[in-house]
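Containing PDB, C-alpha atoms and all ligand atoms: protein.pdb.
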ATOM      1  CA  MET F1177       4.364 -73.612 -21.060  1.00  0.00           C
ATOM      2  CA  SER F1178       6.990 -71.411 -22.636  1.00  0.00           C
ATOM      3  CA  LEU F1179       9.363 -69.415 -20.528  1.00  0.00           C
ATOM      4  CA  ARG F1180       8.665 -65.757 -20.966  1.00  0.00           C
ATOM      5  CA  LEU F1181      10.704 -63.735 -18.554  1.00  0.00           C
ATOM      6  CA  GLN F1182      13.683 -64.864 -16.562  1.00  0.00           C
ATOM      7  CA  ALA F1183      15.841 -62.910 -14.152  1.00  0.00           C
ATOM      8  CA  ARG F1184      18.948 -64.414 -12.603  1.00  0.00           C
ATOM      9  CA  GLU F1185      20.885 -63.111  -9.628  1.00  0.00           C
ATOM     10  CA  LEU F1186      19.254 -59.704  -9.718  1.00  0.00           C
ATOM     11  CA  ALA F1187      20.637 -57.211  -7.247  1.00  0.00           C
ATOM     12  CA  CYS F1188      19.829 -53.566  -6.720  1.00  0.00           C
ATOM     13  CA  GLU F1189      21.021 -50.989  -4.224  1.00  0.00           C
ATOM     14  CA  ARG F1190      19.686 -47.556  -3.438  1.00  0.00           C
ATOM     15  CA  ASP F1191      21.767 -45.095  -1.438  1.00  0.00           C
ATOM     16  CA  ASP F1192      24.047 -47.931  -0.260  1.00  0.00           C
ATOM     17  CA  ARG F1193      21.080 -49.966   0.910  1.00  0.00           C
ATOM     18  CA  VAL F1194      20.576 -53.366  -0.651  1.00  0.00           C
ATOM     19  CA  LEU F1195      16.984 -53.659  -1.822  1.00  0.00           C
ATOM     20  CA  PHE F1196      17.461 -57.213  -3.028  1.00  0.00           C
ATOM     21  CA  LYS F1197      20.266 -59.472  -4.169  1.00  0.00           C
ATOM     22  CA  GLY F1198      20.551 -62.975  -5.568  1.00  0.00           C
ATOM     23  CA  LEU F1199      16.989 -62.684  -6.777  1.00  0.00           C
ATOM     24  CA  ASP F1200      15.781 -65.242  -9.314  1.00  0.00           C
ATOM     25  CA  VAL F1201      12.468 -64.678 -11.042  1.00  0.00           C
ATOM     26  CA  THR F1202      10.889 -66.829 -13.704  1.00  0.00           C
ATOM     27  CA  LEU F1203       7.601 -66.185 -15.374  1.00  0.00           C
ATOM     28  CA  ASP F1204       6.030 -68.607 -17.801  1.00  0.00           C
ATOM     29  CA  ALA F1205       3.152 -68.137 -20.188  1.00  0.00           C
ATOM     30  CA  GLY F1206      -0.127 -68.271 -18.269  1.00  0.00           C
ATOM     31  CA  GLU F1207       1.384 -67.308 -14.909  1.00  0.00           C
ATOM     32  CA  ILE F1208       0.553 -64.545 -12.471  1.00  0.00           C
ATOM     33  CA  LEU F1209       3.335 -63.471 -10.125  1.00  0.00           C
ATOM     34  CA  CYS F1210       2.473 -61.212  -7.215  1.00  0.00           C
ATOM     35  CA  VAL F1211       5.421 -59.270  -5.772  1.00  0.00           C
ATOM     36  CA  GLU F1212       4.812 -58.544  -2.113  1.00  0.00           C
ATOM     37  CA  GLY F1213       6.587 -56.651   0.626  1.00  0.00           C
ATOM     38  CA  PRO F1214       6.410 -53.645   2.909  1.00  0.00           C
ATOM     39  CA  ASN F1215       6.730 -50.030   1.761  1.00  0.00           C
ATOM     40  CA  GLY F1216      10.191 -49.335   0.439  1.00  0.00           C
ATOM     41  CA  SER F1217      11.142 -52.998  -0.002  1.00  0.00           C
ATOM     42  CA  GLY F1218      11.787 -52.530  -3.722  1.00  0.00           C
ATOM     43  CA  LYS F1219       8.629 -53.746  -5.446  1.00  0.00           C
ATOM     44  CA  THR F1220       8.339 -50.785  -7.817  1.00  0.00           C
ATOM     45  CA  THR F1221      12.073 -50.902  -8.460  1.00  0.00           C
ATOM     46  CA  LEU F1222      11.863 -54.597  -9.346  1.00  0.00           C
ATOM     47  CA  LEU F1223       8.911 -54.032 -11.682  1.00  0.00           C
ATOM     48  CA  LYS F1224      10.782 -51.218 -13.403  1.00  0.00           C
ATOM     49  CA  ILE F1225      13.785 -53.493 -13.875  1.00  0.00           C
ATOM     50  CA  LEU F1226      11.622 -56.319 -15.219  1.00  0.00           C
ATOM     51  CA  SER F1227       9.951 -53.931 -17.642  1.00  0.00           C
ATOM     52  CA  GLY F1228      13.276 -52.658 -18.955  1.00  0.00           C
ATOM     53  CA  GLN F1229      13.040 -49.164 -17.479  1.00  0.00           C
ATOM     54  CA  LEU F1230      16.083 -49.238 -15.223  1.00  0.00           C
ATOM     55  CA  GLY F1231      19.671 -50.037 -15.998  1.00  0.00           C
ATOM     56  CA  ASP F1232      21.358 -49.642 -12.613  1.00  0.00           C
ATOM     57  CA  TYR F1233      21.124 -53.200 -11.373  1.00  0.00           C
ATOM     58  CA  THR F1234      23.245 -56.311 -11.670  1.00  0.00           C
ATOM     59  CA  GLY F1235      22.167 -59.725 -12.853  1.00  0.00           C
ATOM     60  CA  GLU F1236      20.677 -61.078 -16.027  1.00  0.00           C
ATOM     61  CA  LEU F1237      17.350 -60.521 -17.648  1.00  0.00           C
ATOM     62  CA  HIS F1238      16.089 -62.705 -20.481  1.00  0.00           C
ATOM     63  CA  TYR F1239      12.933 -62.519 -22.545  1.00  0.00           C
ATOM     64  CA  ARG F1240      12.015 -65.747 -24.303  1.00  0.00           C
ATOM     65  CA  GLY F1241      15.536 -67.011 -23.787  1.00  0.00           C
ATOM     66  CA  GLU F1242      17.276 -63.946 -25.248  1.00  0.00           C
ATOM     67  CA  PRO F1243      19.052 -61.242 -23.276  1.00  0.00           C
ATOM     68  CA  LEU F1244      16.585 -58.396 -22.938  1.00  0.00           C
ATOM     69  CA  ARG F1245      19.035 -55.828 -24.244  1.00  0.00           C
ATOM     70  CA  ARG F1246      19.169 -57.734 -27.536  1.00  0.00           C
ATOM     71  CA  CYS F1247      15.416 -57.988 -28.042  1.00  0.00           C
ATOM     72  CA  ARG F1248      14.171 -54.821 -26.360  1.00  0.00           C
ATOM     73  CA  GLU F1249      11.954 -53.774 -29.248  1.00  0.00           C
ATOM     74  CA  ARG F1250      10.174 -57.132 -29.440  1.00  0.00           C
ATOM     75  CA  PHE F1251       9.863 -57.215 -25.669  1.00  0.00           C
ATOM     76  CA  LEU F1252       8.304 -53.748 -25.503  1.00  0.00           C
ATOM     77  CA  ALA F1253       5.895 -54.558 -28.330  1.00  0.00           C
ATOM     78  CA  ASN F1254       4.542 -57.366 -26.150  1.00  0.00           C
ATOM     79  CA  LEU F1255       4.480 -55.470 -22.861  1.00  0.00           C
ATOM     80  CA  LEU F1256       1.794 -53.483 -21.119  1.00  0.00           C
ATOM     81  CA  TYR F1257       3.188 -51.613 -18.124  1.00  0.00           C
ATOM     82  CA  LEU F1258       0.930 -49.721 -15.756  1.00  0.00           C
ATOM     83  CA  GLY F1259       2.868 -47.629 -13.289  1.00  0.00           C
ATOM     84  CA  HIS F1260       2.221 -46.664  -9.718  1.00  0.00           C
ATOM     85  CA  SER F1261       0.547 -43.395 -10.648  1.00  0.00           C
ATOM     86  CA  ALA F1262      -2.454 -43.562 -12.944  1.00  0.00           C
ATOM     87  CA  GLY F1263      -0.401 -41.969 -15.736  1.00  0.00           C
ATOM     88  CA  VAL F1264      -3.376 -40.402 -17.439  1.00  0.00           C
ATOM     89  CA  LYS F1265      -3.508 -36.957 -18.984  1.00  0.00           C
ATOM     90  CA  ALA F1266      -5.808 -34.718 -16.943  1.00  0.00           C
ATOM     91  CA  GLY F1267      -6.466 -32.335 -19.820  1.00  0.00           C
ATOM     92  CA  LEU F1268      -7.647 -35.076 -22.176  1.00  0.00           C
ATOM     93  CA  THR F1269     -10.988 -36.838 -22.041  1.00  0.00           C
ATOM     94  CA  ALA F1270     -11.190 -40.531 -21.162  1.00  0.00           C
ATOM     95  CA  LEU F1271     -11.547 -41.387 -24.854  1.00  0.00           C
ATOM     96  CA  GLU F1272      -8.711 -39.076 -25.888  1.00  0.00           C
ATOM     97  CA  ASN F1273      -6.466 -40.727 -23.302  1.00  0.00           C
ATOM     98  CA  LEU F1274      -7.081 -44.119 -24.887  1.00  0.00           C
ATOM     99  CA  ALA F1275      -6.486 -42.656 -28.345  1.00  0.00           C
ATOM    100  CA  TRP F1276      -3.225 -41.270 -26.997  1.00  0.00           C
ATOM    101  CA  TYR F1277      -2.195 -44.689 -25.648  1.00  0.00           C
ATOM    102  CA  GLN F1278      -3.011 -46.307 -28.972  1.00  0.00           C
ATOM    103  CA  ALA F1279      -0.949 -43.745 -30.862  1.00  0.00           C
ATOM    104  CA  LEU F1280       1.937 -44.228 -28.437  1.00  0.00           C
ATOM    105  CA  ALA F1281       1.784 -47.994 -28.966  1.00  0.00           C
ATOM    106  CA  GLY F1282       1.881 -47.450 -32.721  1.00  0.00           C
ATOM    107  CA  ASP F1283      -1.677 -48.740 -33.139  1.00  0.00           C
ATOM    108  CA  ALA F1284      -4.260 -47.079 -35.348  1.00  0.00           C
ATOM    109  CA  PHE F1285      -6.996 -45.247 -33.450  1.00  0.00           C
ATOM    110  CA  ASP F1286      -9.951 -47.580 -33.036  1.00  0.00           C
ATOM    111  CA  GLU F1287     -12.746 -45.528 -31.538  1.00  0.00           C
ATOM    112  CA  ALA F1288     -15.153 -48.458 -31.169  1.00  0.00           C
ATOM    113  CA  ALA F1289     -12.514 -50.516 -29.317  1.00  0.00           C
ATOM    114  CA  CYS F1290     -11.728 -47.575 -27.024  1.00  0.00           C
ATOM    115  CA  GLU F1291     -15.408 -47.065 -26.228  1.00  0.00           C
ATOM    116  CA  ARG F1292     -15.812 -50.778 -25.562  1.00  0.00           C
ATOM    117  CA  ALA F1293     -12.806 -50.769 -23.245  1.00  0.00           C
ATOM    118  CA  LEU F1294     -14.227 -47.817 -21.311  1.00  0.00           C
ATOM    119  CA  GLU F1295     -17.598 -49.492 -21.049  1.00  0.00           C
ATOM    120  CA  GLU F1296     -16.024 -52.747 -19.811  1.00  0.00           C
ATOM    121  CA  ILE F1297     -14.168 -50.872 -17.114  1.00  0.00           C
ATOM    122  CA  GLY F1298     -17.345 -49.134 -15.938  1.00  0.00           C
ATOM    123  CA  LEU F1299     -16.941 -45.743 -17.607  1.00  0.00           C
ATOM    124  CA  ALA F1300     -19.805 -45.767 -20.093  1.00  0.00           C
ATOM    125  CA  GLY F1301     -21.149 -42.227 -20.259  1.00  0.00           C
ATOM    126  CA  PHE F1302     -17.819 -40.685 -19.169  1.00  0.00           C
ATOM    127  CA  GLU F1303     -16.030 -41.008 -22.522  1.00  0.00           C
ATOM    128  CA  ASP F1304     -16.002 -37.267 -23.185  1.00  0.00           C
ATOM    129  CA  VAL F1305     -15.243 -36.059 -19.663  1.00  0.00           C
ATOM    130  CA  PRO F1306     -11.749 -34.634 -19.116  1.00  0.00           C
ATOM    131  CA  VAL F1307      -9.895 -37.005 -16.798  1.00  0.00           C
ATOM    132  CA  GLY F1308      -9.052 -34.081 -14.503  1.00  0.00           C
ATOM    133  CA  LYS F1309     -12.743 -33.909 -13.692  1.00  0.00           C
ATOM    134  CA  LEU F1310     -13.118 -37.604 -12.903  1.00  0.00           C
ATOM    135  CA  SER F1311     -12.761 -39.109  -9.434  1.00  0.00           C
ATOM    136  CA  ALA F1312      -9.462 -40.774  -8.464  1.00  0.00           C
ATOM    137  CA  GLY F1313     -10.946 -44.236  -8.972  1.00  0.00           C
ATOM    138  CA  GLN F1314     -12.447 -43.279 -12.324  1.00  0.00           C
ATOM    139  CA  ALA F1315      -9.118 -41.827 -13.482  1.00  0.00           C
ATOM    140  CA  ARG F1316      -7.417 -45.071 -12.473  1.00  0.00           C
ATOM    141  CA  ARG F1317     -10.058 -46.958 -14.453  1.00  0.00           C
ATOM    142  CA  VAL F1318      -9.131 -44.970 -17.567  1.00  0.00           C
ATOM    143  CA  ALA F1319      -5.576 -46.298 -17.174  1.00  0.00           C
ATOM    144  CA  LEU F1320      -6.902 -49.819 -16.540  1.00  0.00           C
ATOM    145  CA  ALA F1321      -8.992 -49.648 -19.715  1.00  0.00           C
ATOM    146  CA  ARG F1322      -5.715 -50.245 -21.550  1.00  0.00           C
ATOM    147  CA  LEU F1323      -5.925 -53.871 -20.387  1.00  0.00           C
ATOM    148  CA  ALA F1324      -8.889 -54.285 -22.722  1.00  0.00           C
ATOM    149  CA  LEU F1325      -7.260 -52.437 -25.630  1.00  0.00           C
ATOM    150  CA  GLY F1326      -5.405 -54.775 -27.925  1.00  0.00           C
ATOM    151  CA  TYR F1327      -3.389 -57.739 -26.714  1.00  0.00           C
ATOM    152  CA  ARG F1328      -0.052 -57.657 -24.955  1.00  0.00           C
ATOM    153  CA  GLU F1329       1.188 -61.017 -23.679  1.00  0.00           C
ATOM    154  CA  LEU F1330       2.986 -59.581 -20.650  1.00  0.00           C
ATOM    155  CA  TRP F1331       1.340 -57.253 -18.150  1.00  0.00           C
ATOM    156  CA  ILE F1332       3.443 -55.579 -15.470  1.00  0.00           C
ATOM    157  CA  LEU F1333       1.120 -53.783 -13.097  1.00  0.00           C
ATOM    158  CA  ASP F1334       2.235 -51.641 -10.160  1.00  0.00           C
ATOM    159  CA  GLU F1335      -0.544 -51.222  -7.596  1.00  0.00           C
ATOM    160  CA  PRO F1336      -3.378 -51.340 -10.134  1.00  0.00           C
ATOM    161  CA  PHE F1337      -6.035 -51.565  -7.408  1.00  0.00           C
ATOM    162  CA  THR F1338      -5.242 -48.149  -5.947  1.00  0.00           C
ATOM    163  CA  ALA F1339      -8.483 -46.147  -5.516  1.00  0.00           C
ATOM    164  CA  ILE F1340     -10.561 -48.913  -7.094  1.00  0.00           C
ATOM    165  CA  ASP F1341     -13.786 -49.913  -5.329  1.00  0.00           C
ATOM    166  CA  LYS F1342     -14.690 -53.489  -4.302  1.00  0.00           C
ATOM    167  CA  HIS F1343     -16.683 -54.195  -7.428  1.00  0.00           C
ATOM    168  CA  GLY F1344     -13.871 -52.883  -9.607  1.00  0.00           C
ATOM    169  CA  VAL F1345     -11.294 -54.976  -7.746  1.00  0.00           C
ATOM    170  CA  ALA F1346     -13.314 -58.145  -8.345  1.00  0.00           C
ATOM    171  CA  GLY F1347     -13.597 -57.255 -12.037  1.00  0.00           C
ATOM    172  CA  LEU F1348      -9.880 -56.622 -12.295  1.00  0.00           C
ATOM    173  CA  GLU F1349      -9.080 -59.930 -10.596  1.00  0.00           C
ATOM    174  CA  ARG F1350     -11.289 -61.690 -13.136  1.00  0.00           C
ATOM    175  CA  ARG F1351      -9.478 -59.872 -15.914  1.00  0.00           C
ATOM    176  CA  LEU F1352      -6.083 -61.016 -14.633  1.00  0.00           C
ATOM    177  CA  LEU F1353      -7.263 -64.619 -14.462  1.00  0.00           C
ATOM    178  CA  ALA F1354      -8.770 -64.435 -17.948  1.00  0.00           C
ATOM    179  CA  HIS F1355      -5.502 -63.032 -19.279  1.00  0.00           C
ATOM    180  CA  ALA F1356      -3.561 -65.915 -17.719  1.00  0.00           C
ATOM    181  CA  GLU F1357      -6.084 -68.446 -19.016  1.00  0.00           C
ATOM    182  CA  ARG F1358      -5.453 -67.319 -22.569  1.00  0.00           C
ATOM    183  CA  GLY F1359      -1.706 -67.678 -22.082  1.00  0.00           C
ATOM    184  CA  GLY F1360      -0.857 -64.155 -20.960  1.00  0.00           C
ATOM    185  CA  SER F1361       1.500 -63.473 -18.043  1.00  0.00           C
ATOM    186  CA  VAL F1362       1.218 -60.949 -15.247  1.00  0.00           C
ATOM    187  CA  VAL F1363       3.610 -59.455 -12.718  1.00  0.00           C
ATOM    188  CA  ILE F1364       1.709 -57.420 -10.175  1.00  0.00           C
ATOM    189  CA  THR F1365       2.351 -55.596  -6.916  1.00  0.00           C
ATOM    190  CA  THR F1366      -0.450 -54.794  -4.573  1.00  0.00           C
ATOM    191  CA  HIS F1367      -1.003 -54.065  -0.906  1.00  0.00           C
ATOM    192  CA  HIS F1368      -4.523 -55.267  -1.499  1.00  0.00           C
ATOM    193  CA  ALA F1369      -5.185 -58.871  -0.447  1.00  0.00           C
ATOM    194  CA  LEU F1370      -5.980 -60.656  -3.670  1.00  0.00           C
ATOM    195  CA  GLY F1371      -9.138 -62.742  -3.658  1.00  0.00           C
ATOM    196  CA  ASP F1372      -9.257 -66.444  -4.288  1.00  0.00           C
ATOM    197  CA  MET F1373      -7.008 -66.569  -7.339  1.00  0.00           C
ATOM    198  CA  ALA F1374      -5.908 -70.133  -7.843  1.00  0.00           C
ATOM    199  CA  GLY F1375      -2.394 -70.726  -9.098  1.00  0.00           C
ATOM    200  CA  ILE F1376      -1.013 -67.290  -8.318  1.00  0.00           C
ATOM    201  CA  ARG F1377       2.676 -67.279  -7.360  1.00  0.00           C
ATOM    202  CA  ARG F1378       4.106 -64.959  -4.785  1.00  0.00           C
ATOM    203  CA  LEU F1379       7.500 -63.346  -4.429  1.00  0.00           C
ATOM    204  CA  ALA F1380       8.289 -61.765  -1.083  1.00  0.00           C
ATOM    205  CA  LEU F1381      10.675 -58.810  -0.852  1.00  0.00           C
ATOM    206  CA  GLY F1382      11.818 -57.052   2.287  1.00  0.00           C
ATOM    207  CA  GLU F1383      11.684 -58.346   5.784  1.00  0.00           C
ATOM    208  CA  GLN F1384      10.880 -61.934   4.781  1.00  0.00           C
ATOM    209  CA  GLY F1385      14.414 -62.195   3.497  1.00  0.00           C
ATOM    210  CA  HIS F1386      14.566 -60.045   0.345  1.00  0.00           C
ATOM    211  CA  HIS F1387      14.879 -62.911  -2.078  1.00  0.00           C
ATOM    212  CA  GLY F1388      12.561 -65.648  -0.980  1.00  0.00           C
ATOM    213  CA  GLU F1389      10.215 -66.928  -3.640  1.00  0.00           C
ATOM    214  CA  ALA F1390       7.163 -68.882  -2.552  1.00  0.00           C
ATOM    215  CA  ALA F1391       5.283 -71.270  -4.783  1.00  0.00           C
TER
HETATM  216  N1  LIG C   1      15.674 -43.191  -8.023  1.00  0.00           N
HETATM  217  C1  LIG C   1      15.885 -43.479  -6.739  1.00  0.00           C
HETATM  218  N2  LIG C   1      16.922 -42.925  -6.072  1.00  0.00           N
HETATM  219  C2  LIG C   1      17.159 -43.208  -4.771  1.00  0.00           C
HETATM  220  N3  LIG C   1      16.404 -44.041  -4.039  1.00  0.00           N
HETATM  221  C3  LIG C   1      15.368 -44.610  -4.653  1.00  0.00           C
HETATM  222  C4  LIG C   1      15.046 -44.363  -6.023  1.00  0.00           C
HETATM  223  N4  LIG C   1      13.949 -45.087  -6.352  1.00  0.00           N
HETATM  224  C5  LIG C   1      13.600 -45.746  -5.235  1.00  0.00           C
HETATM  225  N5  LIG C   1      14.454 -45.464  -4.223  1.00  0.00           N
HETATM  226  C6  LIG C   1      14.401 -46.005  -2.854  1.00  0.00           C
HETATM  227  O1  LIG C   1      14.374 -47.411  -2.970  1.00  0.00           O
HETATM  228  C7  LIG C   1      13.522 -47.962  -1.980  1.00  0.00           C
HETATM  229  C8  LIG C   1      12.501 -48.873  -2.669  1.00  0.00           C
HETATM  230  O2  LIG C   1      11.570 -48.103  -3.413  1.00  0.00           O
HETATM  231  P1  LIG C   1      10.367 -48.782  -4.181  1.00  0.00           P
HETATM  232  O3  LIG C   1       9.548 -47.674  -4.737  1.00  0.00           O
HETATM  233  O4  LIG C   1      10.899 -49.793  -5.107  1.00  0.00           O
HETATM  234  O5  LIG C   1       9.598 -49.531  -2.981  1.00  0.00           O
HETATM  235  P2  LIG C   1       8.176 -50.237  -2.944  1.00  0.00           P
HETATM  236  O6  LIG C   1       8.376 -51.589  -2.337  1.00  0.00           O
HETATM  237  O7  LIG C   1       7.540 -50.210  -4.286  1.00  0.00           O
HETATM  238  O8  LIG C   1       7.382 -49.324  -1.929  1.00  0.00           O
HETATM  239  P3  LIG C   1       5.815 -48.952  -1.757  1.00  0.00           P
HETATM  240  O9  LIG C   1       5.151 -50.163  -1.158  1.00  0.00           O
HETATM  241  O10 LIG C   1       5.871 -47.816  -0.785  1.00  0.00           O
HETATM  242  O11 LIG C   1       5.295 -48.560  -3.101  1.00  0.00           O
HETATM  243  C9  LIG C   1      12.902 -46.794  -1.240  1.00  0.00           C
HETATM  244  O12 LIG C   1      13.557 -46.628  -0.004  1.00  0.00           O
HETATM  245  C10 LIG C   1      13.131 -45.613  -2.162  1.00  0.00           C
HETATM  246  O13 LIG C   1      13.339 -44.425  -1.432  1.00  0.00           O
END
I'd like the structure from this file rewritten - as structure tokens, please.
Ligand SMILES: Nc1ncnc2c1ncn2[C@@H]1O[C@H](COP(=O)(O)OP(=O)(O)OP(=O)(O)O)[C@@H](O)[C@H]1O
Amino acid sequence: MSLRLQARELACERDDRVLFKGLDVTLDAGEILCVEGPNGSGKTTLLKILSGQLGDYTGELHYRGEPLRRCRERFLANLLYLGHSAGVKAGLTALENLAWYQALAGDAFDEAACERALEEIGLAGFEDVPVGKLSAGQARRVALARLALGYRELWILDEPFTAIDKHGVAGLERRLLAHAERGGSVVITTHHALGDMAGIRRLALGEQGHHGEAA
């Protein structure tokens, strides 16, 4: 398995409070890492650091053995980051949102692929509905449809299960496993208890000791 993402001695403070320090994270191809911890323990902050969105931390971050700052473009081309909020445009339809994502990623608009992604995520028939008129769970599903749009080897997903029903959660868990099986990697935070996902690694932040990594 090739080493994909490696963080060494990461430390981050907010308002003079240490969120974590001495944190080592490694993520190989085919691995799923679940970052756990109570509210405010730094999960979102860590995911933002790992996805190259924050600079105010100390420690080292490497992607495929190279310092991230030296290969940022290649790293971003291989990354799919889904943030805490659904991050969808309320004034655009479900289909237009996916077209927008594709354009942002520098991909050509592929209407058939977008429709397929929406169907896979349970939104067949809602393609032309403005996202502002969808339910919270449906809007989240529009964001999640990006997981089926093109291939990115690294997924960093912040609370992707928010507002998703039981059936949708099971489908998303299957999608994560399938991604790992084909060599993709995932870093995920969730307050949702993940189902029986063999091989998942866990990283505990917060009260368990802010830098303990469990197998
Ligand atoms: N830009 C910022 N400026 C100041 N403090 C911040 C900033 N971003 C986050 N924090 C603080 O850092 C702490 C960790 O926030 P973070 O969002 O990483 O926690 P979390 O573990 O993801 O929480 P939750 O489970 O509630 O989503 C919080 O106390 C938050 O107020």
Expected axis-aligned box over every listed atom of range 1319-1332 of chain F, 8 Å added per side, centre plus edges in Å to one decimal, as JSON:
{"center_x": -2.8, "center_y": -53.7, "center_z": -21.7, "size_x": 28.4, "size_y": 30.7, "size_z": 28.5}
Subject >> Selection as a ChimeraX atom specification: residues within 8 Å of ligand LIG 1 (chain C) by only C-alpha atoms and all ligand atoms >> reply: /F:1189-1191,1195,1212-1222,1260,1335,1365,1367,1381-1382
**OP:** Translate the PyMOL selection byres (((chain F and resi 1180) around 10) and not hetatm), as applied to the file shown, into an explicit residue set as a VMD selection string.
**Re:** chain F and resid 1177 to 1179 1181 to 1182 1202 to 1207 1238 to 1242 1251 1329 to 1330 1360 to 1361
Original post:
How many Å lie between CA of Ala1380 in chain F and CA of Arg1193 in chain F, rounded to one decimal?
Top reply: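 According to the coordinates, CA of Ala1380 in chain F and CA of Arg1193 in chain F are separated by 17.5 Å.
With distances restricted to all atoms listed in the file, F:Gly1326 is the closest residue to Ala1284 in chain F from F:Gly1347, F:Gly1326, F:Pro1243, F:Gly1298.
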Original post:
What is the distance between CA of Trp1331 in chain F and CA of His1355 in chain F, in Å to one decimal?
Top reply: 9.0 Å
Subject >> Neighbour list for Lys1197 in chain F as a PyMOL selection string, cut-off 7 Å, all atoms listed in the file, skip fewer than 4 positions in-chain >> reply: chain F and resi 1185-1188+1387
Subject >> Residue contacts of Ile1208 in chain F (7 Å, only C-alpha atoms) excluding same-chain residues fewer than 6 positions away, as an MDAnalysis selection string >> reply: chainID F and resid 1356 1361:1363 1376:1377
Subject >> Picked residues, the PyMOL selection byres (((chain F and resi 1287) around 12) and not hetatm), as a list in words >> reply: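 With the shown file as input, the PyMOL selection byres (((chain F and resi 1287) around 12) and not hetatm) matches Ala1270, Leu1271, Glu1272, Asn1273, Leu1274, Ala1275, Trp1276, Gln1278, Ala1279, Asp1283, Ala1284, Phe1285, Asp1286, Ala1288, Ala1289, Cys1290, Glu1291, Arg1292, Ala1293, Leu1294, Glu1303 and Leu1325 of chain F.
The two atoms in question, CA of Ala1315 in chain F and CA of Val1264 in chain F, are spaced 7.1 Å apart.
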Original post:
On this structure, which residues satisfy the PyMOL selection byres (((chain F and resi 1245) around 12) and not hetatm), written as number ranges by chain?
Top reply: F: 1225-1231, 1236-1239, 1241-1244, 1246-1252
Subject >> F:Leu1333, F:Leu1223, F:Met1373, F:Leu1256 ranked by distance to Glu1357 in chain F, top pick (using only C-alpha atoms) >> reply: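 Of all the options, F:Met1373 lies closest to Glu1357 in chain F.
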Write out as a PDB file with C-alpha atoms, keeping the file's coordinate frame each polymer residue whose atoms come within 9 Å of Ala1346 in chain F, counting only C-alpha atoms; drop sequence neighbours fewer than 5 positions from it.
ATOM      1  CA  ASP F1341     -13.786 -49.913  -5.329  1.00  0.00           C
ATOM      2  CA  ARG F1351      -9.478 -59.872 -15.914  1.00  0.00           C
ATOM      3  CA  GLY F1371      -9.138 -62.742  -3.658  1.00  0.00           C
TER       4      GLY F1371
END
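Counting all atoms listed in the file, the residue from F:Gly1282, F:Asp1334, F:Asp1372, F:Thr1269 that sits nearest to Phe1302 in chain F is F:Thr1269.
Between Ser1261 in chain F and the candidates F:Arg1378, F:Arg1317, F:His1343, F:Arg1350, the tightest atom-to-atom separation, counting only C-alpha atoms, involves F:Arg1317.
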Considering all atoms listed in the file, return as a PDB file with C-alpha atoms, keeping the file's coordinate frame whatever protein or nucleic-acid residues lie within 6 Å of range 1305-1314 of chain F, sequence-local ones (same chain, fewer than 6 positions apart) excluded.
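Saved file around_27.pdb follows:
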ATOM      1  CA  ALA F1266      -5.808 -34.718 -16.943  1.00  0.00           C
ATOM      2  CA  GLY F1267      -6.466 -32.335 -19.820  1.00  0.00           C
ATOM      3  CA  LEU F1268      -7.647 -35.076 -22.176  1.00  0.00           C
ATOM      4  CA  THR F1269     -10.988 -36.838 -22.041  1.00  0.00           C
ATOM      5  CA  ALA F1270     -11.190 -40.531 -21.162  1.00  0.00           C
ATOM      6  CA  ALA F1339      -8.483 -46.147  -5.516  1.00  0.00           C
ATOM      7  CA  ILE F1340     -10.561 -48.913  -7.094  1.00  0.00           C
TER       8      ILE F1340
END
